[in-house]
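J.: File follows, target-v2.csv with CSV, C-alpha atoms:
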```csv
chain,number,residue,atom,x,y,z
A,126,ALA,CA,-2.9,-11.5,-6.8
A,127,THR,CA,0.1,-9.8,-8.4
A,128,ALA,CA,1.2,-6.4,-7.3
A,129,VAL,CA,3.5,-4.4,-9.5
A,130,ALA,CA,4.4,-0.7,-10.1
A,131,ALA,CA,6.2,1.4,-12.6
A,132,TYR,CA,8.6,2.5,-9.8
A,133,TYR,CA,9.5,-1.1,-9.0
A,134,ALA,CA,10.6,-1.7,-12.6
A,135,ASN,CA,9.0,-5.2,-12.5
A,136,GLU,CA,6.1,-4.8,-14.9
A,137,LYS,CA,7.9,-6.3,-18.0
A,138,GLU,CA,9.2,-9.2,-15.9
A,139,ILE,CA,5.7,-9.9,-14.4
A,140,GLY,CA,4.2,-9.5,-17.8
A,141,LEU,CA,6.3,-12.3,-19.2
A,142,ALA,CA,5.2,-14.6,-16.4
A,143,VAL,CA,1.6,-13.6,-16.8
A,144,ASN,CA,1.7,-14.3,-20.5
A,145,GLN,CA,3.4,-17.7,-19.9
A,146,VAL,CA,0.8,-19.0,-17.4
A,147,MET,CA,-2.1,-17.9,-19.6
A,148,HIS,CA,-0.5,-19.3,-22.8
A,149,ASP,CA,0.1,-22.6,-21.0
A,150,ALA,CA,-3.5,-22.5,-19.6
A,151,VAL,CA,-2.2,-22.8,-16.1
A,152,VAL,CA,-4.4,-19.9,-14.9
A,153,PRO,CA,-7.1,-18.1,-16.8
A,154,ARG,CA,-6.9,-14.2,-16.8
A,155,GLU,CA,-10.1,-14.0,-14.7
A,156,GLU,CA,-8.4,-15.8,-11.9
A,157,LEU,CA,-5.5,-13.3,-11.7
A,158,PHE,CA,-5.8,-10.1,-9.8
A,159,ILE,CA,-3.3,-7.7,-11.2
A,160,VAL,CA,-2.5,-4.5,-9.4
A,161,SER,CA,-0.1,-1.7,-10.5
A,162,LYS,CA,0.6,1.9,-9.5
A,163,LEU,CA,0.9,5.3,-11.1
A,164,TRP,CA,4.3,6.9,-10.3
A,165,ASN,CA,4.7,10.5,-9.2
A,166,THR,CA,5.9,11.8,-12.6
A,167,ASP,CA,2.7,10.5,-14.3
A,168,HIS,CA,0.3,12.7,-12.4
A,169,GLY,CA,-2.1,15.0,-14.3
A,170,TYR,CA,-5.1,14.2,-16.3
A,171,ALA,CA,-3.3,14.1,-19.7
A,172,ASN,CA,-0.6,11.8,-18.4
A,173,VAL,CA,-2.7,9.1,-16.8
A,174,ARG,CA,-4.0,7.3,-19.9
A,175,PRO,CA,-0.6,7.0,-21.5
A,176,ALA,CA,0.9,5.6,-18.3
A,177,VAL,CA,-1.9,3.1,-18.1
A,178,PHE,CA,-1.3,2.0,-21.6
A,179,ARG,CA,2.4,1.5,-20.9
A,180,CYS,CA,1.6,-0.6,-18.0
A,181,LEU,CA,-0.9,-2.7,-20.0
A,182,LYS,CA,1.7,-3.2,-22.7
A,183,ASP,CA,4.5,-4.2,-20.3
A,184,LEU,CA,2.2,-6.6,-18.4
A,185,GLN,CA,0.8,-8.0,-21.7
A,186,VAL,CA,-2.9,-7.7,-20.5
A,187,THR,CA,-5.9,-5.8,-21.7
A,188,TYR,CA,-7.1,-4.5,-18.4
A,189,LEU,CA,-5.9,-4.0,-14.8
A,190,ASP,CA,-7.9,-5.2,-11.8
A,191,LEU,CA,-6.7,-2.4,-9.6
A,192,PHE,CA,-4.6,0.7,-10.3
A,193,LEU,CA,-3.4,2.9,-7.5
A,194,ILE,CA,-1.9,6.4,-7.2
A,195,HIS,CA,1.4,5.4,-5.6
A,196,TRP,CA,2.0,8.6,-3.5
A,197,PRO,CA,0.2,12.0,-3.2
A,198,CYS,CA,3.2,13.6,-4.7
A,199,THR,CA,4.0,14.9,-8.2
A,200,GLY,CA,7.5,16.2,-7.7
A,201,ASN,CA,6.6,19.9,-8.0
A,202,ARG,CA,7.7,22.6,-5.6
A,203,GLY,CA,5.4,25.4,-4.2
A,204,ASP,CA,2.6,25.8,-1.8
A,205,GLU,CA,0.2,23.3,-3.4
A,206,VAL,CA,0.5,19.9,-5.2
A,207,THR,CA,0.3,20.4,-8.9
A,208,PRO,CA,-1.1,18.8,-11.0
A,209,LYS,CA,-3.9,18.6,-8.5
A,210,LEU,CA,-4.6,15.1,-7.2
A,211,ILE,CA,-8.3,15.3,-8.2
A,212,ASP,CA,-7.1,15.9,-11.9
A,213,THR,CA,-5.1,12.7,-11.8
A,214,TRP,CA,-8.1,11.0,-10.2
A,215,ARG,CA,-10.4,12.1,-13.0
A,216,GLY,CA,-8.0,10.6,-15.5
A,217,LEU,CA,-8.2,7.3,-13.6
A,218,GLU,CA,-12.0,7.5,-13.6
A,219,ASP,CA,-12.0,7.8,-17.4
A,220,CYS,CA,-9.8,4.8,-17.6
A,221,VAL,CA,-12.4,2.8,-15.6
A,222,ARG,CA,-15.2,4.0,-17.9
A,223,GLU,CA,-13.0,2.9,-20.9
A,224,GLY,CA,-12.6,-0.6,-19.4
A,225,LEU,CA,-8.8,-0.3,-19.0
A,226,ILE,CA,-9.1,-0.6,-15.2
A,227,ARG,CA,-11.7,-2.4,-13.1
A,228,SER,CA,-11.1,-0.5,-9.8
A,229,ILE,CA,-9.0,2.5,-8.7
A,230,GLY,CA,-7.5,3.5,-5.4
A,231,VAL,CA,-4.5,5.1,-3.7
A,232,ALA,CA,-1.5,4.3,-1.6
A,233,ASN,CA,0.0,6.3,1.2
A,234,PHE,CA,-2.9,8.7,1.5
A,235,SER,CA,-4.0,10.3,4.8
A,236,ALA,CA,-7.7,10.5,5.7
A,237,LYS,CA,-7.5,14.2,4.9
A,238,LYS,CA,-6.2,13.7,1.4
A,239,LEU,CA,-8.7,10.9,0.8
A,240,GLN,CA,-11.5,13.2,1.9
A,241,GLY,CA,-10.3,15.7,-0.6
A,242,LEU,CA,-10.8,13.1,-3.3
A,243,LEU,CA,-14.2,11.9,-1.9
A,244,ASP,CA,-15.5,15.5,-1.9
A,245,GLN,CA,-15.0,15.8,-5.7
A,246,CYS,CA,-14.8,12.4,-7.3
A,247,THR,CA,-17.4,10.4,-9.2
A,248,ILE,CA,-15.9,7.0,-8.5
A,249,PRO,CA,-14.7,6.7,-4.9
A,250,PRO,CA,-11.3,5.1,-4.1
A,251,ALA,CA,-11.8,1.3,-3.5
A,252,VAL,CA,-8.5,0.8,-1.7
A,253,ASN,CA,-5.9,2.7,0.4
A,254,GLN,CA,-2.6,0.8,0.6
A,255,VAL,CA,-0.6,1.9,3.6
A,256,GLU,CA,1.9,0.6,6.1
A,257,VAL,CA,0.4,-1.5,8.8
A,258,HIS,CA,2.0,-3.8,11.4
A,259,PRO,CA,2.1,-4.1,15.2
A,260,TYR,CA,4.7,-1.4,15.4
A,261,TRP,CA,2.5,0.9,13.3
A,262,ARG,CA,-1.0,-0.2,13.8
A,263,ASN,CA,-2.7,2.7,11.9
A,264,ASP,CA,-5.9,2.0,13.9
A,265,LYS,CA,-7.6,5.4,13.3
A,266,LEU,CA,-6.9,5.5,9.6
A,267,ILE,CA,-8.2,1.9,9.2
A,268,GLN,CA,-11.4,2.7,11.1
A,269,TRP,CA,-11.9,5.9,9.1
A,270,CYS,CA,-11.5,4.1,5.8
A,271,LYS,CA,-13.9,1.3,7.0
A,272,GLU,CA,-16.5,4.0,7.7
A,273,LYS,CA,-16.0,5.4,4.2
A,274,GLY,CA,-16.2,2.1,2.5
A,275,ILE,CA,-12.5,2.1,1.5
A,276,HIS,CA,-10.6,-1.2,1.9
A,277,VAL,CA,-7.2,-1.0,3.5
A,278,THR,CA,-4.3,-3.2,2.2
A,279,ALA,CA,-1.3,-3.5,4.6
A,280,TYR,CA,2.2,-3.2,3.1
A,281,SER,CA,5.3,-3.9,5.2
A,282,PRO,CA,3.5,-6.4,7.4
A,283,LEU,CA,6.8,-7.7,8.7
A,284,GLY,CA,8.0,-4.3,9.7
A,285,SER,CA,9.9,-3.5,6.5
A,286,PRO,CA,13.2,-5.2,7.4
A,287,ASP,CA,14.8,-4.2,4.1
A,288,SER,CA,13.8,-0.5,4.1
A,289,GLU,CA,17.0,0.5,6.1
A,290,SER,CA,19.1,-0.3,3.0
A,291,LEU,CA,16.6,0.5,0.3
A,292,LEU,CA,15.5,3.9,1.8
A,293,ARG,CA,18.8,4.6,3.5
A,294,ARG,CA,16.9,5.3,6.7
A,295,ALA,CA,18.4,5.1,10.2
A,296,PRO,CA,18.3,1.7,11.9
A,297,GLY,CA,15.0,1.1,13.7
A,298,PRO,CA,13.3,-1.5,15.8
A,299,LYS,CA,13.2,-5.0,14.3
A,300,LEU,CA,9.7,-6.4,14.4
A,301,LEU,CA,10.6,-9.9,13.3
A,302,ASP,CA,13.0,-10.0,16.3
A,303,ASP,CA,10.5,-8.8,18.9
A,304,PRO,CA,10.5,-11.2,21.8
A,305,THR,CA,6.7,-11.1,22.1
A,306,VAL,CA,6.2,-11.9,18.5
A,307,GLY,CA,8.7,-14.8,18.8
A,308,ALA,CA,7.0,-16.2,21.9
A,309,ILE,CA,3.6,-16.2,20.3
A,310,ALA,CA,5.0,-17.8,17.2
A,311,ALA,CA,6.7,-20.5,19.2
A,312,LYS,CA,3.5,-21.1,21.2
A,313,LEU,CA,1.5,-21.6,17.9
A,314,GLY,CA,4.2,-23.5,16.1
A,315,LYS,CA,4.4,-20.9,13.4
A,316,SER,CA,7.1,-18.5,12.2
A,317,PRO,CA,7.2,-14.9,13.3
A,318,ALA,CA,6.5,-13.9,9.7
A,319,GLN,CA,3.4,-16.1,9.7
A,320,VAL,CA,2.2,-14.6,13.0
A,321,LEU,CA,2.6,-11.0,11.7
A,322,ILE,CA,0.8,-11.8,8.4
A,323,LYS,CA,-2.0,-13.4,10.3
A,324,TRP,CA,-2.2,-10.4,12.7
A,325,SER,CA,-2.7,-8.1,9.7
A,326,LEU,CA,-5.6,-10.3,8.4
A,327,GLN,CA,-7.2,-10.4,11.8
A,328,HIS,CA,-6.6,-6.6,12.1
A,329,GLY,CA,-9.1,-6.2,9.2
A,330,THR,CA,-6.8,-5.6,6.2
A,331,SER,CA,-5.6,-7.6,3.3
A,332,VAL,CA,-1.8,-7.9,3.3
A,333,LEU,CA,1.2,-7.7,1.0
A,334,PRO,CA,4.1,-9.7,2.4
A,335,LYS,CA,7.2,-9.5,0.2
A,336,SER,CA,9.7,-12.3,-0.5
A,337,ALA,CA,11.7,-13.7,-3.4
A,338,ASN,CA,12.3,-17.0,-1.5
A,339,GLU,CA,10.1,-19.8,-2.7
A,340,LYS,CA,9.9,-21.5,0.7
A,341,ARG,CA,9.1,-18.3,2.4
A,342,ILE,CA,6.4,-17.5,-0.2
A,343,ALA,CA,4.8,-20.8,0.5
A,344,SER,CA,5.0,-20.2,4.3
A,345,ASN,CA,3.5,-16.8,3.9
A,346,ILE,CA,0.5,-18.2,2.2
A,347,ASP,CA,-0.1,-20.8,4.9
A,348,VAL,CA,-2.2,-18.5,7.2
A,349,PHE,CA,-5.8,-19.3,6.4
A,350,THR,CA,-6.4,-22.5,8.4
A,351,TRP,CA,-5.5,-21.2,11.9
A,352,GLU,CA,-6.1,-18.1,14.1
A,353,ILE,CA,-4.1,-16.2,16.6
A,354,PRO,CA,-6.0,-16.6,19.9
A,355,GLN,CA,-7.7,-13.4,20.9
A,356,GLU,CA,-5.5,-12.9,24.0
A,357,ASP,CA,-2.4,-13.2,21.9
A,358,TYR,CA,-3.8,-11.0,19.2
A,359,GLU,CA,-4.6,-8.3,21.8
A,360,THR,CA,-1.0,-8.6,23.1
A,361,LEU,CA,0.3,-7.9,19.7
A,362,CYS,CA,-2.0,-4.9,19.4
A,363,ASP,CA,-0.5,-3.5,22.6
A,364,LEU,CA,3.1,-3.5,21.7
A,365,GLY,CA,4.5,-0.2,23.0
A,366,LYS,CA,6.7,0.7,20.1
A,367,GLN,CA,5.0,2.7,17.3
A,368,SER,CA,7.5,3.4,14.5
A,369,LYS,CA,6.7,4.2,10.9
A,370,MET,CA,9.4,2.5,8.7
A,371,VAL,CA,8.4,3.9,5.3
A,372,ASP,CA,8.0,7.5,6.4
A,373,GLY,CA,8.0,9.5,3.2
A,374,SER,CA,10.6,11.9,4.6
A,375,TYR,CA,12.3,11.9,1.2
A,376,PHE,CA,9.3,13.9,-0.1
A,377,ILE,CA,9.7,16.7,2.5
A,378,SER,CA,11.2,19.9,1.2
A,379,PRO,CA,11.5,23.5,2.5
A,380,ALA,CA,10.4,24.5,-1.0
A,381,GLY,CA,7.1,22.6,-0.5
A,382,PRO,CA,4.5,21.4,-1.1
A,383,TYR,CA,5.1,19.2,1.9
A,384,ARG,CA,7.4,21.0,4.3
A,385,THR,CA,6.8,18.9,7.4
A,386,MET,CA,5.8,15.3,8.2
A,387,GLU,CA,2.5,16.8,9.4
A,388,ASP,CA,1.9,18.3,6.0
A,389,PHE,CA,2.5,14.9,4.4
A,390,TRP,CA,0.6,12.6,6.8
A,391,ASP,CA,-2.0,14.9,8.3
A,392,PHE,CA,-1.8,13.2,11.8
A,393,SER,CA,-3.9,16.0,13.4
A,394,TYR,CA,-6.8,15.4,11.1
A,395,LEU,CA,-7.7,12.2,13.0
A,396,GLY,CA,-6.4,13.4,16.3
A,397,GLU,CA,-3.2,11.3,16.1
A,398,GLU,CA,0.0,12.2,17.8
A,399,ASN,CA,2.8,13.1,15.4
A,400,PRO,CA,5.5,10.5,16.0
A,401,PHE,CA,8.1,12.7,14.2
A,402,LYS,CA,8.1,15.6,16.6
```
Rewrite the structure from the file as structure tokens, please.

T.:
Amino acid sequence: ATAVAAYYANEKEIGLAVNQVMHDAVVPREELFIVSKLWNTDHGYANVRPAVFRCLKDLQVTYLDLFLIHWPCTGNRGDEVTPKLIDTWRGLEDCVREGLIRSIGVANFSAKKLQGLLDQCTIPPAVNQVEVHPYWRNDKLIQWCKEKGIHVTAYSPLGSPDSESLLRRAPGPKLLDDPTVGAIAAKLGKSPAQVLIKWSLQHGTSVLPKSANEKRIASNIDVFTWEIPQEDYETLCDLGKQSKMVDGSYFISPAGPYRTMEDFWDFSYLGEENPFK
């Protein structure tokens, strides 16, 4: 699987690699699962198809396996999100009908915002990609999505160690340095990163670990021939700290449409405590 996004500015680079492996017959296209995302400035029915075509051109492919709305944000100010999210979604549905995209989904959507799409869509979201790790377990949202037939993909499974610098957020807890994680890793003869990735898989999600280091990438993949014992898995599920690392606070504005973190994440919709109070 290959995950890219317009915002990451990596589509052309990945496209060159995809073209090379297909040209050299290393991997056929049908064995690649290519995912990209629609950025905030490309919301709106009329903007979706051109954005998809730009993505296809940069990636040098004729279709995407999965395309996600990156955030439930368009950059507008006011009481409501405009263009409406459902209008963007209808543009994606038409791209599916046209054969440009195989599956469509979202990222960083609350259950309430997902329900808003489900109430009006023709093709339901296949995926919700959200932050999940032992310091932000997201149990209620994962269960809600499961009941609705929406697969959850976990990003930042290692606790987003680079987000302090990338997002300029205040220093937070370091999941990779958690003594409980370290003790379980030592017991199993695995790295803390491997334990956290395996925890996400056992937690019922697919997982997106991020690394540019070849050895770490190989290590991150080595998680399919062993299990975290149930007792240790439950210990990781019971870590007291719950801290969202990628919190979306940069989208909060007194001018709206999201004036508070509750507006953005809709914690009360699933009866969750707002961690930002």

J.: May I have the residues at most 9 Å from (-7.0, 11.2, -11.0) in the file's coordinates, counting all atoms listed in the file, as a list in words?

T.: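 It turns out the residues near that spot are His168, Gly169, Tyr170, Val173, Ile194, Lys209, Leu210, Ile211, Asp212, Thr213, Trp214, Arg215, Gly216, Leu217, Glu218, Asp219, Leu242 and Cys246 of chain A.
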
J.: Looking at A:Lys340, A:Leu191, A:Gln327, A:Ser378, which one is nearest to A:Gln355, with distances taken over all atoms listed in the file?

T.: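 Checking each candidate against A:Gln355, we get A:Gln327 as the closest.
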
J.: Would you tabulate, counting all atoms listed in the file, all residues of stretch 180-263 of chain A that have an atom at most 10 Å from an atom of stretch 331-337 of chain A, showing the closest pair of atoms and their distance in Å to one decimal, sorted by chain then ascending number, as a tab-separated table?

T.:
```
residue	atom	partner	partner_atom	distance
A:Gln254	CA	A:Val332	CA	9.1
A:Val255	CA	A:Val332	CA	9.9
A:Glu256	CA	A:Val332	CA	9.7
A:Val257	CA	A:Val332	CA	8.7
A:His258	CA	A:Val332	CA	9.8
```

J.: I'd like the neighbourhood of stretch 140-147 of chain A as a list in words, where a residue qualifies if any of its atoms comes within 10 Å (using all atoms listed in the file), though same-chain residues fewer than 4 positions away should be ignored.

T.: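 The residues satisfying every condition are Thr127, Val129, Asn135, Glu136, Val151, Val152, Pro153, Arg154, Leu157, Ile159, Cys180, Leu181, Lys182, Asp183, Leu184, Gln185 and Val186 of chain A.
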
J.: Using only C-alpha atoms, which protein or nucleic acid residues come within 12 Å of stretch 204-206 of chain A? Drop anything in the same chain fewer than 2 positions from it, and give the result as a list in words.

T.: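 That gives Asn165, His168, Gly169, Trp196, Pro197, Cys198, Thr199, Gly200, Asn201, Arg202, Pro208, Lys209, Leu210, Ile211, Asp212, Thr213, Lys238, Phe376, Ser378, Pro379, Ala380, Gly381, Pro382, Tyr383, Arg384, Asp388 and Phe389 of chain A.
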
J.: Report the distance between atom CA of A:Lys137 and atom CA of A:Ala232 in Å, rounded to one decimal place.

T.: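 Computed distance, atom CA of A:Lys137 to atom CA of A:Ala232, equals 21.7 Å.
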
J.: Kindly give the distance, in Å, that separates atom CA of A:Val221 and atom CA of A:Pro175, rounded to a single decimal.

T.: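 Computed distance, atom CA of A:Val221 to atom CA of A:Pro175, equals 13.8 Å.
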
J.: In Å, how far is it from atom CA of A:Tyr394 to atom CA of A:Cys270?

T.: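 According to the coordinates, atom CA of A:Tyr394 and atom CA of A:Cys270 are separated by 13.3 Å.
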
J.: Pick the closest to A:Phe158 from A:Arg222, A:His276, A:Arg227, A:His195: which is it, counting only C-alpha atoms?

T.: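 The answer is A:Arg227, which sits nearest to A:Phe158.
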
J.: Choose the residue, out of A:Lys315, A:Ile377, A:Gln367, A:Ile275, that has the smallest atom-to-atom separation from A:Glu398; count only C-alpha atoms.

T.: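 For A:Glu398, the nearest of the candidates is A:Gln367.
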
J.: What's around A:Val320 at 12 Å? Count only C-alpha atoms, leave out sequence neighbours fewer than 3 positions away in its own chain, and write the answer as JSON, numbers by chain.

T.: {"A": [258, 259, 282, 283, 300, 301, 303, 305, 306, 307, 308, 309, 310, 311, 312, 313, 314, 315, 316, 317, 323, 324, 325, 326, 327, 328, 334, 344, 345, 346, 347, 348, 349, 351, 352, 353, 354, 357, 358, 361]}

J.: Let me know the centre plus edge lengths, in Å and rounded to one decimal, of a box with edges along x, y and z that contains all listed atoms of stretch 170-187 of chain A and is padded by 4 Å on every side, as AutoDock Vina command-line options.

T.:
```
--center_x -0.7 --center_y 3.1 --center_z -19.5 --size_x 18.4 --size_y 30.2 --size_z 14.4
```

J.: Any idea what's packed within 7 Å of A:Met386, counting all atoms listed in the file, ignoring anything in its chain fewer than 4 positions away? Could you give it as a PyMOL selection string?

T.: chain A and resi 374+390+401
